[in-house]
file protein.tsv (TSV, C-alpha atoms)
chain	number	residue	atom	x	y	z
A	85	MET	CA	15.29	-14.53	8.16
A	86	ARG	CA	12.29	-12.77	6.57
A	87	THR	CA	11.13	-9.42	7.98
A	88	ASP	CA	7.68	-10.76	8.92
A	89	THR	CA	9.29	-13.73	10.69
A	90	LEU	CA	11.57	-11.43	12.66
A	91	ARG	CA	8.59	-9.28	13.62
A	92	THR	CA	6.59	-12.29	14.79
A	93	THR	CA	9.52	-13.66	16.79
A	94	ARG	CA	10.18	-10.32	18.46
A	95	LEU	CA	6.51	-9.79	19.27
A	96	THR	CA	6.04	-13.31	20.62
A	97	GLU	CA	9.10	-13.07	22.86
A	98	GLY	CA	8.04	-9.62	24.12
A	99	LEU	CA	4.52	-10.74	25.01
A	100	ARG	CA	5.79	-13.93	26.65
A	101	LYS	CA	7.69	-11.80	29.17
A	102	VAL	CA	4.54	-10.03	30.41
A	103	SER	CA	1.71	-12.50	29.71
A	104	PRO	CA	0.45	-14.64	32.64
A	105	MET	CA	-0.08	-17.60	30.31
A	106	ALA	CA	0.74	-18.89	26.86
A	107	PRO	CA	-1.85	-18.39	24.11
A	108	THR	CA	-4.15	-21.26	23.21
A	109	ALA	CA	-3.48	-20.57	19.54
A	110	SER	CA	-0.86	-18.43	17.80
A	111	SER	CA	-0.07	-17.39	14.23
A	112	ALA	CA	3.67	-17.79	14.88
A	113	GLY	CA	5.25	-19.95	12.21
A	114	LYS	CA	2.28	-19.74	9.85
A	115	GLY	CA	3.76	-17.17	7.47
A	116	TRP	CA	1.25	-14.42	8.11
A	117	ALA	CA	2.90	-11.31	6.67
A	118	SER	CA	0.93	-8.24	7.78
A	119	LEU	CA	-0.39	-9.24	11.19
A	120	ASP	CA	0.03	-11.66	14.07
A	121	ALA	CA	-2.75	-13.16	16.16
A	122	PHE	CA	-3.07	-14.85	19.54
A	123	HIS	CA	-6.08	-16.46	21.20
A	124	PHE	CA	-6.14	-16.56	25.01
A	125	THR	CA	-8.71	-18.66	26.88
A	126	ARG	CA	-9.26	-18.59	30.65
A	127	ALA	CA	-6.47	-16.07	31.27
A	128	PRO	CA	-6.24	-15.90	35.09
A	129	SER	CA	-6.44	-12.75	37.26
A	130	SER	CA	-3.34	-10.63	36.67
A	131	GLU	CA	-1.73	-7.23	36.70
A	132	ILE	CA	0.62	-6.57	33.77
A	133	LEU	CA	2.36	-3.69	32.04
A	134	VAL	CA	2.68	-4.18	28.30
A	135	PRO	CA	5.58	-2.06	26.99
A	136	PRO	CA	5.24	0.03	23.83
A	137	LEU	CA	5.06	-2.31	20.85
A	138	ASP	CA	5.95	-1.73	17.21
A	139	GLU	CA	2.49	-3.01	16.16
A	140	HIS	CA	-1.06	-1.71	16.52
A	141	ALA	CA	-2.91	-3.98	18.98
A	142	LEU	CA	-6.60	-4.90	18.63
A	143	ILE	CA	-8.18	-6.90	21.45
A	144	LEU	CA	-11.53	-8.62	21.02
A	145	PHE	CA	-13.13	-9.41	24.40
A	146	ASN	CA	-14.94	-12.69	23.73
A	147	ARG	CA	-15.56	-13.18	27.45
A	148	PRO	CA	-14.58	-10.21	29.64
A	149	PRO	CA	-13.35	-10.75	33.23
A	150	GLU	CA	-15.42	-9.89	36.27
A	151	LYS	CA	-13.37	-6.75	36.92
A	152	LEU	CA	-11.06	-4.83	34.60
A	153	CYS	CA	-8.84	-1.77	34.84
A	154	LEU	CA	-7.26	-0.69	31.56
A	155	ARG	CA	-5.10	2.41	31.10
A	156	TYR	CA	-3.17	3.72	28.11
A	157	GLU	CA	-2.92	6.90	26.07
A	158	GLY	CA	-6.36	8.52	25.91
A	159	VAL	CA	-8.08	5.58	27.64
A	160	GLU	CA	-8.84	4.90	31.30
A	161	ARG	CA	-11.36	2.13	31.79
A	162	GLU	CA	-12.47	0.94	35.23
A	163	SER	CA	-15.16	-1.59	34.26
A	164	PRO	CA	-15.31	-4.66	32.01
A	165	PRO	CA	-16.43	-4.01	28.42
A	166	ALA	CA	-19.38	-5.85	26.92
A	167	PRO	CA	-18.73	-9.23	25.29
A	168	GLY	CA	-17.74	-8.73	21.65
A	169	SER	CA	-16.34	-5.24	22.18
A	170	ILE	CA	-12.91	-4.19	20.94
A	171	ALA	CA	-10.00	-2.21	22.37
A	172	ILE	CA	-7.44	-0.55	20.10
A	173	ILE	CA	-3.95	0.28	21.38
A	174	PRO	CA	-1.90	2.20	18.80
A	175	ALA	CA	1.72	1.26	18.21
A	176	ALA	CA	4.34	2.78	20.53
A	177	THR	CA	1.80	2.94	23.39
A	178	ALA	CA	2.39	1.32	26.79
A	179	ALA	CA	-0.70	-0.22	28.44
A	180	GLU	CA	-1.51	-1.11	32.05
A	181	TRP	CA	-3.83	-4.11	32.54
A	182	SER	CA	-5.40	-5.34	35.75
A	183	TRP	CA	-8.24	-7.85	35.89
A	184	ARG	CA	-9.96	-10.27	38.25
A	185	GLY	CA	-11.56	-13.47	37.05
A	186	ASN	CA	-10.81	-15.49	33.94
A	187	LYS	CA	-11.13	-13.83	30.56
A	188	GLU	CA	-11.09	-14.98	26.95
A	189	SER	CA	-9.72	-12.62	24.34
A	190	PHE	CA	-8.42	-12.61	20.79
A	191	HIS	CA	-5.45	-10.33	20.06
A	192	VAL	CA	-4.40	-9.04	16.62
A	193	TYR	CA	-1.13	-7.16	16.15
A	194	LEU	CA	-1.14	-5.23	12.88
A	195	ASP	CA	1.97	-4.02	11.07
A	196	PRO	CA	1.82	-0.17	10.89
A	197	GLY	CA	3.69	-0.30	7.59
A	198	PHE	CA	0.87	-2.33	6.06
A	199	LEU	CA	-1.74	0.09	7.40
A	200	ALA	CA	0.25	3.01	5.94
A	201	GLN	CA	0.42	1.24	2.57
A	202	VAL	CA	-3.35	0.70	2.45
A	203	ALA	CA	-3.95	4.31	3.55
A	204	ALA	CA	-1.84	5.58	0.65
A	205	GLU	CA	-2.98	3.16	-2.05
A	206	SER	CA	-6.69	2.82	-1.27
A	207	PHE	CA	-7.51	6.18	0.33
A	208	ALA	CA	-4.79	8.50	-1.05
A	209	LEU	CA	-3.88	9.49	2.52
A	210	ASP	CA	-0.44	10.64	3.57
A	211	PRO	CA	0.70	8.12	6.24
A	212	ALA	CA	2.80	10.86	7.85
A	213	ARG	CA	-0.35	12.90	8.49
A	214	VAL	CA	-2.69	10.26	9.89
A	215	PHE	CA	-2.76	8.39	13.18
A	216	LEU	CA	-4.78	5.55	14.69
A	217	GLN	CA	-7.02	6.60	17.57
A	218	PRO	CA	-6.97	4.69	20.90
A	219	VAL	CA	-10.23	2.92	21.78
A	220	GLY	CA	-11.09	1.42	25.16
A	221	GLY	CA	-13.68	-1.23	24.33
A	222	LEU	CA	-16.48	-0.28	21.95
A	223	ASN	CA	-18.89	-2.19	19.72
A	224	PHE	CA	-17.95	-2.23	16.01
A	225	PRO	CA	-19.70	-5.12	14.22
A	226	GLU	CA	-17.70	-4.99	10.98
A	227	ILE	CA	-14.34	-5.08	12.79
A	228	ARG	CA	-15.56	-7.74	15.21
A	229	SER	CA	-16.75	-9.90	12.32
A	230	THR	CA	-13.36	-9.72	10.58
A	231	MET	CA	-11.51	-10.52	13.80
A	232	GLN	CA	-13.83	-13.46	14.47
A	233	THR	CA	-13.07	-14.78	10.99
A	234	LEU	CA	-9.36	-14.47	11.72
A	235	GLN	CA	-9.87	-16.28	15.02
A	236	ALA	CA	-11.75	-19.11	13.31
A	237	GLU	CA	-8.99	-19.38	10.70
A	238	LEU	CA	-6.37	-19.61	13.44
A	239	GLN	CA	-8.33	-22.24	15.37
A	240	MET	CA	-8.60	-24.34	12.20
A	241	GLY	CA	-4.82	-24.35	11.89
A	242	ALA	CA	-4.59	-21.54	9.33
A	243	MET	CA	-5.71	-23.90	6.57
A	244	GLY	CA	-6.33	-20.98	4.20
A	245	GLY	CA	-2.63	-20.15	4.25
A	246	PRO	CA	-0.92	-16.74	4.15
A	247	LEU	CA	-3.15	-15.52	1.30
A	248	MET	CA	-6.27	-15.92	3.45
A	249	ALA	CA	-4.63	-14.03	6.31
A	250	GLU	CA	-3.43	-11.27	3.99
A	251	SER	CA	-6.94	-10.82	2.56
A	252	LEU	CA	-8.42	-10.54	6.04
A	253	ALA	CA	-5.66	-8.12	7.03
A	254	GLN	CA	-6.65	-5.93	4.09
A	255	VAL	CA	-10.33	-5.96	5.08
A	256	LEU	CA	-9.53	-5.24	8.72
A	257	THR	CA	-7.22	-2.38	7.77
A	258	VAL	CA	-9.81	-0.75	5.53
A	259	HIS	CA	-12.34	-0.83	8.39
A	260	LEU	CA	-9.80	0.71	10.76
A	261	ILE	CA	-8.95	3.53	8.36
A	262	ARG	CA	-12.62	4.33	7.80
A	263	ARG	CA	-13.44	4.32	11.52
A	264	PHE	CA	-10.41	5.33	13.51
A	265	MET	CA	-7.78	7.14	11.48
A	266	SER	CA	-7.75	10.89	12.03
A	267	SER	CA	-5.98	13.36	9.77
A	268	ARG	CA	-3.62	16.06	10.96
A	269	GLY	CA	-4.47	18.11	7.92
A	270	GLY	CA	-2.71	18.87	4.67
A	271	ARG	CA	-3.09	20.76	1.44
A	272	SER	CA	-5.15	19.50	-1.48
A	273	GLU	CA	-3.34	17.85	-4.37
A	274	SER	CA	-3.66	18.89	-8.01
A	275	GLY	CA	-4.03	16.32	-10.77
A	276	LEU	CA	-1.19	14.74	-12.71
A	277	PRO	CA	0.05	16.85	-15.64
A	278	ARG	CA	-1.24	15.50	-18.97
A	279	ARG	CA	2.13	14.19	-20.13
A	280	LYS	CA	2.76	12.27	-16.89
A	281	LEU	CA	-0.78	10.92	-16.88
A	282	GLN	CA	-0.40	9.71	-20.47
A	283	SER	CA	2.92	8.02	-19.62
A	284	VAL	CA	1.59	6.16	-16.61
A	285	VAL	CA	-1.62	5.09	-18.40
A	286	GLU	CA	0.49	3.69	-21.24
A	287	TYR	CA	2.66	1.87	-18.70
A	288	ILE	CA	-0.42	0.41	-17.01
A	289	MET	CA	-1.89	-0.83	-20.27
A	290	GLU	CA	1.43	-2.37	-21.36
A	291	ASN	CA	1.78	-4.21	-18.05
A	292	LEU	CA	-1.87	-4.91	-17.29
A	293	GLU	CA	-1.32	-8.66	-17.04
A	294	GLY	CA	1.53	-8.27	-14.58
A	295	ASP	CA	1.67	-7.52	-10.86
A	296	LEU	CA	1.52	-3.72	-10.99
A	297	THR	CA	2.57	-1.99	-7.79
A	298	LEU	CA	2.03	1.56	-6.63
A	299	GLY	CA	5.79	2.12	-6.45
A	300	GLU	CA	6.31	1.03	-10.05
A	301	MET	CA	3.56	3.32	-11.34
A	302	ALA	CA	4.82	6.23	-9.25
A	303	ALA	CA	8.35	5.74	-10.62
A	304	VAL	CA	7.08	6.40	-14.14
A	305	THR	CA	6.01	9.89	-13.03
A	306	HIS	CA	9.08	10.52	-10.83
A	307	LEU	CA	6.83	11.14	-7.81
A	308	SER	CA	6.60	9.57	-4.38
A	309	ALA	CA	3.96	6.86	-4.04
A	310	TYR	CA	1.83	9.14	-1.84
A	311	HIS	CA	1.86	12.17	-4.18
A	312	PHE	CA	1.39	9.97	-7.23
A	313	ALA	CA	-1.70	8.31	-5.71
A	314	ARG	CA	-3.20	11.69	-4.80
A	315	GLN	CA	-2.50	13.30	-8.18
A	316	PHE	CA	-3.60	10.24	-10.13
A	317	LYS	CA	-6.95	10.16	-8.32
A	318	ALA	CA	-7.40	13.90	-8.84
A	319	ALA	CA	-6.81	13.42	-12.57
A	320	THR	CA	-8.84	10.25	-13.17
A	321	GLY	CA	-11.34	10.12	-10.30
A	322	LEU	CA	-10.03	6.71	-9.21
A	323	PRO	CA	-7.20	5.52	-6.96
A	324	PRO	CA	-4.47	3.76	-9.01
A	325	HIS	CA	-5.38	0.21	-7.92
A	326	GLN	CA	-9.07	0.74	-8.77
A	327	TYR	CA	-8.11	2.18	-12.15
A	328	VAL	CA	-6.01	-0.93	-12.86
A	329	ILE	CA	-8.90	-3.21	-11.86
A	330	ALA	CA	-11.28	-1.29	-14.13
A	331	ARG	CA	-8.94	-1.64	-17.11
A	332	ARG	CA	-8.49	-5.36	-16.45
A	333	VAL	CA	-12.26	-5.84	-16.38
A	334	GLU	CA	-12.60	-3.95	-19.67
A	335	ARG	CA	-9.95	-6.11	-21.31
A	336	ALA	CA	-11.55	-9.33	-20.08
A	337	GLN	CA	-15.10	-8.43	-21.16
A	338	PRO	CA	-14.84	-9.60	-24.83
A	339	ALA	CA	-13.64	-13.03	-23.74
A	340	ILE	CA	-16.37	-13.26	-21.10
A	341	LEU	CA	-19.06	-12.33	-23.63
A	342	ALA	CA	-17.71	-14.80	-26.18
A	343	ALA	CA	-17.80	-17.59	-23.63
A	344	SER	CA	-21.37	-16.84	-22.52

call {"tool": "encode", "arguments": {"input": "protein.tsv", "output": "structure tokens"}}
result
Amino acid sequence: MRTDTLRTTRLTEGLRKVSPMAPTASSAGKGWASLDAFHFTRAPSSEILVPPLDEHALILFNRPPEKLCLRYEGVERESPPAPGSIAIIPAATAAEWSWRGNKESFHVYLDPGFLAQVAAESFALDPARVFLQPVGGLNFPEIRSTMQTLQAELQMGAMGGPLMAESLAQVLTVHLIRRFMSSRGGRSESGLPRRKLQSVVEYIMENLEGDLTLGEMAAVTHLSAYHFARQFKAATGLPPHQYVIARRVERAQPAILAAS
């Protein structure tokens, strides 16, 4: 069984044990690789304890209940949030929920490994030195918009397929890193030595039409993916994936001009 399928099954079974009702819509069985999603409508008054999960949880309150008490690491909320606000519960964090009155909410459970990958590849951050901050129900339009798009995709039966979900997961993760990831500090990174830079640039150009990964490029320099990404950006001014995109655009320009 695939890793993402195992994660979804484990998460679904874990939530079923504590949830007062089944979700109206679920991403289970739809092949979504980096996140899972559940839509709950008219969830009745309840008191639940959600155990620490392996995933980061994001809850969009489409229609908050009349009363709400929410407690977890760094958060203690005694009143309902505004409609459209978002709560963030980092992975490995237990949460106490108590509410009165029906509520509608959309839940996204994001794979921490995927977030760490985006942090390293797109922001040259060391995943071991960053952490996701807990949030108790605040208004963040860009994150809300992405979650609403995910919700709409789920309600339409995930017609866009896994690729659509993966693209939205990438957008959501970038917003989270920009807004809520704090650094524990670390030393600055020097640029790649000239010989290593030349070797990896040659490798990129020779494999520009293929599916270049950060790990493959880092292997050329005999560095970890994290240190390679940092040193490559220090040397070129661009993260590796942006450098690859720029080279691909350059290579395609003559054909584009000839066709115009």

call {"tool": "residues_around", "arguments": {"input": "protein.tsv", "residues": "segment 117-119 of chain A", "least_positions_apart": "2", "cutoff": "9 Å", "atoms": "all atoms listed in the file", "output": "list in words"}}
result
Thr87, Asp88, Thr89, Thr92, Ser111, Gly115, Ala121, Glu139, Val192, Tyr193, Leu194, Asp195, Pro196, Gly197, Phe198, Leu199, Pro246, Ala249, Glu250, Ala253 and Gln254 of chain A

call {"tool": "residues_around", "arguments": {"input": "protein.tsv", "residues": "Arg126 of chain A", "least_positions_apart": "3", "cutoff": "8 Å", "atoms": "all atoms listed in the file", "output": "PyMOL selection string"}}
result
chain A and resi 186-188

call {"tool": "atom_distance", "arguments": {"input": "protein.tsv", "atom1": "atom CA of Ala208 of chain A", "atom2": "atom CA of Arg332 of chain A"}}
result
21.0 Å

call {"tool": "residues_around", "arguments": {"input": "protein.tsv", "residues": "Met248 of chain A", "least_positions_apart": "5", "cutoff": "9 Å", "atoms": "only C-alpha atoms", "output": "PDB file with C-alpha atoms, keeping the file's coordinate frame"}}
result
ATOM      1  CA  TRP A 116       1.250 -14.420   8.110  1.00  0.00           C
ATOM      2  CA  LEU A 234      -9.360 -14.470  11.720  1.00  0.00           C
ATOM      3  CA  GLU A 237      -8.990 -19.380  10.700  1.00  0.00           C
ATOM      4  CA  ALA A 242      -4.590 -21.540   9.330  1.00  0.00           C
ATOM      5  CA  MET A 243      -5.710 -23.900   6.570  1.00  0.00           C
ATOM      6  CA  ALA A 253      -5.660  -8.120   7.030  1.00  0.00           C
TER       7      ALA A 253
END

call {"tool": "residues_around", "arguments": {"input": "protein.tsv", "residues": "segment 290-301 of chain A", "least_positions_apart": "3", "cutoff": "10 Å", "atoms": "only C-alpha atoms", "output": "mmCIF file with C-alpha atoms, keeping the file's coordinate frame"}}
result
data_model
loop_
_atom_site.group_PDB
_atom_site.id
_atom_site.type_symbol
_atom_site.label_atom_id
_atom_site.label_comp_id
_atom_site.auth_asym_id
_atom_site.auth_seq_id
_atom_site.Cartn_x
_atom_site.Cartn_y
_atom_site.Cartn_z
ATOM 1 C CA GLN A 201 0.420 1.240 2.570
ATOM 2 C CA ALA A 204 -1.840 5.580 0.650
ATOM 3 C CA GLU A 205 -2.980 3.160 -2.050
ATOM 4 C CA SER A 283 2.920 8.020 -19.620
ATOM 5 C CA VAL A 284 1.590 6.160 -16.610
ATOM 6 C CA VAL A 285 -1.620 5.090 -18.400
ATOM 7 C CA GLU A 286 0.490 3.690 -21.240
ATOM 8 C CA TYR A 287 2.660 1.870 -18.700
ATOM 9 C CA VAL A 304 7.080 6.400 -14.140
ATOM 10 C CA THR A 305 6.010 9.890 -13.030
ATOM 11 C CA HIS A 306 9.080 10.520 -10.830
ATOM 12 C CA LEU A 307 6.830 11.140 -7.810
ATOM 13 C CA SER A 308 6.600 9.570 -4.380
ATOM 14 C CA ALA A 309 3.960 6.860 -4.040
ATOM 15 C CA TYR A 310 1.830 9.140 -1.840
ATOM 16 C CA PHE A 312 1.390 9.970 -7.230
ATOM 17 C CA ALA A 313 -1.700 8.310 -5.710
ATOM 18 C CA PRO A 324 -4.470 3.760 -9.010
ATOM 19 C CA HIS A 325 -5.380 0.210 -7.920
ATOM 20 C CA VAL A 328 -6.010 -0.930 -12.860
ATOM 21 C CA ILE A 329 -8.900 -3.210 -11.860
ATOM 22 C CA ARG A 331 -8.940 -1.640 -17.110
ATOM 23 C CA ARG A 332 -8.490 -5.360 -16.450
ATOM 24 C CA ARG A 335 -9.950 -6.110 -21.310
#

call {"tool": "closest_residue", "arguments": {"input": "protein.tsv", "among": "A:Leu133, A:Leu247, A:Ala200, A:Met240", "to": "Met265 of chain A", "atoms": "all atoms listed in the file"}}
result
A:Ala200

call {"tool": "closest_residue", "arguments": {"input": "protein.tsv", "among": "A:Leu95, A:Arg184, A:Ser163, A:Gly158", "to": "Ser130 of chain A", "atoms": "only C-alpha atoms"}}
result
A:Arg184

call {"tool": "atom_distance", "arguments": {"input": "protein.tsv", "atom1": "atom CA of Glu97 of chain A", "atom2": "atom CA of Pro128 of chain A"}}
result
19.8 Å

call {"tool": "atom_distance", "arguments": {"input": "protein.tsv", "atom1": "atom CA of Ser274 of chain A", "atom2": "atom CA of Glu334 of chain A"}}
result
27.2 Å

call {"tool": "closest_residue", "arguments": {"input": "protein.tsv", "among": "A:Pro148, A:Ser182, A:Pro323, A:His191", "to": "Thr96 of chain A", "atoms": "all atoms listed in the file"}}
result
A:His191

call {"tool": "closest_residue", "arguments": {"input": "protein.tsv", "among": "A:Asn146, A:Thr177, A:Ser206, A:Gln315", "to": "Gln232 of chain A", "atoms": "only C-alpha atoms"}}
result
A:Asn146

call {"tool": "closest_residue", "arguments": {"input": "protein.tsv", "among": "A:Gln239, A:Thr93, A:Arg213, A:Arg263", "to": "Gly113 of chain A", "atoms": "only C-alpha atoms"}}
result
A:Thr93

call {"tool": "closest_residue", "arguments": {"input": "protein.tsv", "among": "A:Pro104, A:Gly185, A:Gly321, A:Gly220", "to": "Leu276 of chain A", "atoms": "all atoms listed in the file"}}
result
A:Gly321
